[in-house]
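Participant: Have a look at this one.
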Amino acid sequence: MKTKHLLLLLFFCTCAFSQTMTEKYNSYLNRYEYFDSSGNLTGYKTYNSYLGVWEYFKENTNTYNKKPIQYAKPSTDDNFALLQQVANQKQNSYNSNHKRIDNYLSKIQSNISEIENLEIREKIQKRYDLQIVDVMNNKRYDLSSNALTEQVLDFIYNNINAIKAEEFKKYNDEIETRNKLSETKTNTTVKQSVLPQILMKFKGLHKVYRIEDYTRLADGRWTVTKVDNAIAFLTLEDNDILWERSEAQMVTGRTFSFLESYSPNGYYIFATTKGGDVHIEKDFKKVIFYDESDKTKKYIYYVQK
């Protein structure tokens, strides 16, 4: 019986104490404050955002003796370490994928620079800058994603190949159209020479000490497929150029229909009535013949001086 009375006494004392405590929120100090029945501040609690816990401080006259009472255990660094690991992985993926794309773009730029025809090269370069480089800069892709990086590489590959194919086709179509127009012109009995004055002094027979056969690859680059070091011959005339290779059985040639243009790399470009274009270097050290039926073939003749 005494035990029961003691428990009841403790219960009522506790209730009485709890009822004398008042909790108020101090918005100015951003904390909860506790007052006794007389209105005296007995303590307060604040939220420690660094540790992620509520801390309780008992109020006394010596502020140096105030020690916080934590209501929960401080959070561990496990989550922070995990987040840091994920962030590092994303950064490493971004760096690796960014390097892949940079290397691919550098390779494409190098291939464009190797295109010999200045007109085609400039058109491809302009479209490459506008349709690929500018688009990528404006999109700002998240290259930490490997899947998205593969999509970007596919976008670059498909677009640059389409641009090259379109520009080479347009150029070849223009050449074919010019050749057809030239064939319809009325031939006069005496043709006026189409050679520019600077090439007049090279009229006549010349020895050729080297011939290189080239094939154009799908990416626009030319590659050597055959080298012939046997003596051959070239003959330059007012309106024709004739040649004979070592394995040939007869002399063949092309007739110039008109002087098309002079390129910045030092070649005079001639359209021909039958056959592809002929590029003649201004000092007559090299002559380039383009195949009419196969646009992926050309032949460079090195003239002995």
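Naming works like this for the structure tokens: A, B, ... for the chains as they're shown, residue 1 at the start of each chain, ligands 1 onward in shown order.
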Going by DSSP on the backbone, which bits of region 110-148 of chain A are helix (DSSP H, G or I)? Write them as a VMD selection string, please.

Facilitator: chain A and resid 110 to 113 118 to 139 146 to 148

Participant: Considering only strand (DSSP E) as DSSP defines it on the backbone, what residues of region 165-254 of chain A qualify? List them as a ChimeraX atom specification.

Facilitator: /A:204-216,222-228,232-236,240-244,252-254

Participant: Go ahead and save the residues from that selection, with C-alpha atoms, as a compact mmCIF listing (two decimals), in the first residue's frame.

Facilitator:
```txt
# COMPACT_ATOMS: atom_id res chain seq x y z
CA GLY A 204 55.03 21.44 -125.97
CA LEU A 205 56.25 17.98 -124.91
CA HIS A 206 57.35 17.27 -121.31
CA LYS A 207 58.65 14.20 -119.49
CA VAL A 208 56.76 12.92 -116.46
CA TYR A 209 58.87 11.17 -113.79
CA ARG A 210 56.10 10.12 -111.37
CA ILE A 211 52.33 9.42 -111.48
CA GLU A 212 50.15 8.91 -108.40
CA ASP A 213 46.66 7.38 -108.54
CA TYR A 214 44.26 8.47 -105.80
CA THR A 215 40.87 7.28 -104.48
CA ARG A 216 38.58 9.44 -102.36
CA TRP A 222 42.14 11.21 -100.79
CA THR A 223 44.42 8.21 -100.41
CA VAL A 224 47.17 6.95 -102.76
CA THR A 225 46.34 3.62 -104.40
CA LYS A 226 49.16 3.35 -106.95
CA VAL A 227 52.53 4.99 -107.72
CA ASP A 228 54.11 4.78 -111.20
CA ALA A 232 55.72 9.08 -119.21
CA PHE A 233 54.91 12.16 -121.32
CA LEU A 234 52.63 15.20 -121.32
CA THR A 235 52.00 17.59 -124.19
CA LEU A 236 50.37 20.97 -123.51
CA ASP A 240 44.34 20.37 -125.35
CA ILE A 241 46.54 18.36 -123.05
CA LEU A 242 47.79 14.94 -124.16
CA TRP A 243 49.49 12.19 -122.15
CA GLU A 244 50.98 8.75 -122.43
CA THR A 252 45.13 10.03 -124.96
CA GLY A 253 44.07 13.53 -124.02
CA ARG A 254 41.42 16.05 -123.10
```

Participant: Could you produce a table of the residues of region 122-240 of chain A lying within 8 Å of region 79-101 of chain A, with the nearest pair of atoms per residue and their separation in Å rounded to one decimal, using only C-alpha atoms, ordered by chain and increasing residue number, as a Markdown table?

Facilitator:
```
| residue | atom | partner | partner_atom | distance |
| --- | --- | --- | --- | --- |
| A:Asp142 | CA | A:Tyr94 | CA | 7.7 |
| A:Leu143 | CA | A:Tyr94 | CA | 4.9 |
| A:Ser144 | CA | A:Tyr94 | CA | 3.9 |
| A:Ser145 | CA | A:Ser93 | CA | 7.1 |
| A:Asn146 | CA | A:Asn97 | CA | 7.1 |
| A:Thr149 | CA | A:Asn97 | CA | 6.5 |
| A:Leu153 | CA | A:Ile101 | CA | 6.9 |
```

Participant: Applying 12 Å and only C-alpha atoms, which residues near Lys126 (chain A) remain after dropping the ones on its own chain fewer than 4 positions away? List them as JSON, numbers by chain.

Facilitator: {"A": [109, 112, 119, 120, 121, 122, 130, 131, 132, 133, 134, 160, 163, 164, 167]}

Participant: Just write the chosen residues, N, CA and C atoms, as a short mmCIF file (atom, residue, chain, number, x, y, z; two decimals), in the first residue's frame.

Facilitator:
```cif
data_model
loop_
_atom_site.label_atom_id
_atom_site.label_comp_id
_atom_site.auth_asym_id
_atom_site.auth_seq_id
_atom_site.Cartn_x
_atom_site.Cartn_y
_atom_site.Cartn_z
N GLN A 109 37.54 18.05 -87.79
CA GLN A 109 38.10 19.30 -88.27
C GLN A 109 39.35 19.06 -89.11
N ILE A 112 38.25 17.84 -92.54
CA ILE A 112 37.75 18.94 -93.36
C ILE A 112 38.91 19.74 -93.94
N GLU A 119 36.49 25.32 -102.64
CA GLU A 119 35.07 25.66 -102.63
C GLU A 119 34.27 24.69 -101.78
N ILE A 120 34.52 23.40 -101.96
CA ILE A 120 33.82 22.38 -101.16
C ILE A 120 34.22 22.49 -99.70
N ARG A 121 35.51 22.68 -99.46
CA ARG A 121 35.99 22.75 -98.07
C ARG A 121 35.36 23.89 -97.30
N GLU A 122 35.26 25.06 -97.92
CA GLU A 122 34.68 26.21 -97.23
C GLU A 122 33.19 26.01 -96.95
N LEU A 130 27.89 25.81 -88.15
CA LEU A 130 26.52 26.23 -87.85
C LEU A 130 25.65 25.07 -87.38
N GLN A 131 25.74 23.92 -88.05
CA GLN A 131 24.80 22.84 -87.81
C GLN A 131 25.26 21.83 -86.76
N ILE A 132 26.52 21.89 -86.38
CA ILE A 132 27.01 20.94 -85.38
C ILE A 132 27.59 21.66 -84.17
N VAL A 133 28.63 22.46 -84.38
CA VAL A 133 29.31 23.10 -83.25
C VAL A 133 28.39 24.06 -82.51
N ASP A 134 27.71 24.97 -83.23
CA ASP A 134 26.82 25.93 -82.58
C ASP A 134 25.66 25.24 -81.89
N ILE A 160 27.72 15.20 -90.01
CA ILE A 160 28.90 15.57 -90.79
C ILE A 160 28.96 14.74 -92.07
N ILE A 163 26.41 16.23 -94.46
CA ILE A 163 26.89 17.50 -95.00
C ILE A 163 27.91 17.26 -96.11
N LYS A 164 28.86 16.37 -95.87
CA LYS A 164 29.89 16.07 -96.89
C LYS A 164 29.27 15.50 -98.15
N GLU A 167 27.39 18.27 -100.13
CA GLU A 167 28.25 19.29 -100.78
C GLU A 167 29.04 18.70 -101.95
#
```

Participant: Can I get the residues of region 117-222 of chain A within 9 Å of region 266-280 of chain A, each with the closest pair of atoms and their distance in Å to one decimal, using only C-alpha atoms, sorted chain first then ascending number, as a Markdown table?

Facilitator:
```
| residue | atom | partner | partner_atom | distance |
| --- | --- | --- | --- | --- |
| A:Ile175 | CA | A:Ala271 | CA | 8.0 |
| A:Glu176 | CA | A:Gly276 | CA | 8.9 |
| A:Arg178 | CA | A:Ala271 | CA | 8.0 |
| A:Asn179 | CA | A:Thr273 | CA | 6.2 |
| A:Lys180 | CA | A:Thr273 | CA | 8.1 |
| A:Ser182 | CA | A:Thr273 | CA | 6.7 |
| A:Glu183 | CA | A:Thr273 | CA | 6.0 |
| A:Val194 | CA | A:Phe270 | CA | 8.8 |
| A:Pro196 | CA | A:Tyr268 | CA | 8.5 |
| A:Leu199 | CA | A:Ile280 | CA | 8.8 |
```

Participant: Output the selection as a PDB file, in the first residue's frame - N, CA, C and O atoms for each residue.

Facilitator:
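File written: part-v4.pdb
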```
ATOM      1  N   ILE A 175      29.541  20.659-111.947  1.00  0.00           N
ATOM      2  CA  ILE A 175      30.554  20.383-112.973  1.00  0.00           C
ATOM      3  C   ILE A 175      29.920  19.687-114.177  1.00  0.00           C
ATOM      4  O   ILE A 175      30.190  20.031-115.334  1.00  0.00           O
ATOM      5  N   GLU A 176      29.056  18.729-113.885  1.00  0.00           N
ATOM      6  CA  GLU A 176      28.400  18.009-114.975  1.00  0.00           C
ATOM      7  C   GLU A 176      27.523  18.942-115.793  1.00  0.00           C
ATOM      8  O   GLU A 176      27.492  18.854-117.030  1.00  0.00           O
ATOM      9  N   ARG A 178      27.954  22.195-116.197  1.00  0.00           N
ATOM     10  CA  ARG A 178      28.829  23.068-116.989  1.00  0.00           C
ATOM     11  C   ARG A 178      29.379  22.323-118.204  1.00  0.00           C
ATOM     12  O   ARG A 178      29.492  22.889-119.293  1.00  0.00           O
ATOM     13  N   ASN A 179      29.728  21.060-118.011  1.00  0.00           N
ATOM     14  CA  ASN A 179      30.251  20.283-119.133  1.00  0.00           C
ATOM     15  C   ASN A 179      29.203  20.107-120.236  1.00  0.00           C
ATOM     16  O   ASN A 179      29.506  20.196-121.428  1.00  0.00           O
ATOM     17  N   LYS A 180      27.963  19.869-119.818  1.00  0.00           N
ATOM     18  CA  LYS A 180      26.901  19.708-120.807  1.00  0.00           C
ATOM     19  C   LYS A 180      26.642  21.002-121.557  1.00  0.00           C
ATOM     20  O   LYS A 180      26.385  21.001-122.765  1.00  0.00           O
ATOM     21  N   SER A 182      28.847  23.344-122.078  1.00  0.00           N
ATOM     22  CA  SER A 182      29.978  23.614-122.968  1.00  0.00           C
ATOM     23  C   SER A 182      29.892  22.791-124.254  1.00  0.00           C
ATOM     24  O   SER A 182      30.335  23.217-125.319  1.00  0.00           O
ATOM     25  N   GLU A 183      29.325  21.581-124.160  1.00  0.00           N
ATOM     26  CA  GLU A 183      29.210  20.724-125.339  1.00  0.00           C
ATOM     27  C   GLU A 183      28.199  21.267-126.339  1.00  0.00           C
ATOM     28  O   GLU A 183      28.250  20.932-127.535  1.00  0.00           O
ATOM     29  N   VAL A 194      42.641  28.784-124.752  1.00  0.00           N
ATOM     30  CA  VAL A 194      42.097  29.060-123.422  1.00  0.00           C
ATOM     31  C   VAL A 194      43.203  29.108-122.371  1.00  0.00           C
ATOM     32  O   VAL A 194      42.923  29.343-121.206  1.00  0.00           O
ATOM     33  N   PRO A 196      45.953  30.517-120.049  1.00  0.00           N
ATOM     34  CA  PRO A 196      46.352  31.853-119.566  1.00  0.00           C
ATOM     35  C   PRO A 196      47.783  32.137-119.991  1.00  0.00           C
ATOM     36  O   PRO A 196      48.562  31.221-120.294  1.00  0.00           O
ATOM     37  N   LEU A 199      50.864  30.162-118.670  1.00  0.00           N
ATOM     38  CA  LEU A 199      51.099  28.773-119.075  1.00  0.00           C
ATOM     39  C   LEU A 199      51.553  28.639-120.519  1.00  0.00           C
ATOM     40  O   LEU A 199      51.942  27.548-120.953  1.00  0.00           O
TER      41      LEU A 199
END
```

Participant: From the set A:Lys282, A:Arg221, A:Lys24, A:Lys295, which residue has the shortest atom-to-atom contact distance to Tyr171 (chain A), counting only C-alpha atoms?

Facilitator: A:Lys295

Participant: Rounded to one decimal, what separation in Å do you get between CA of Tyr128 (chain A) and CA of Asp291 (chain A)?

Facilitator: 27.6 Å
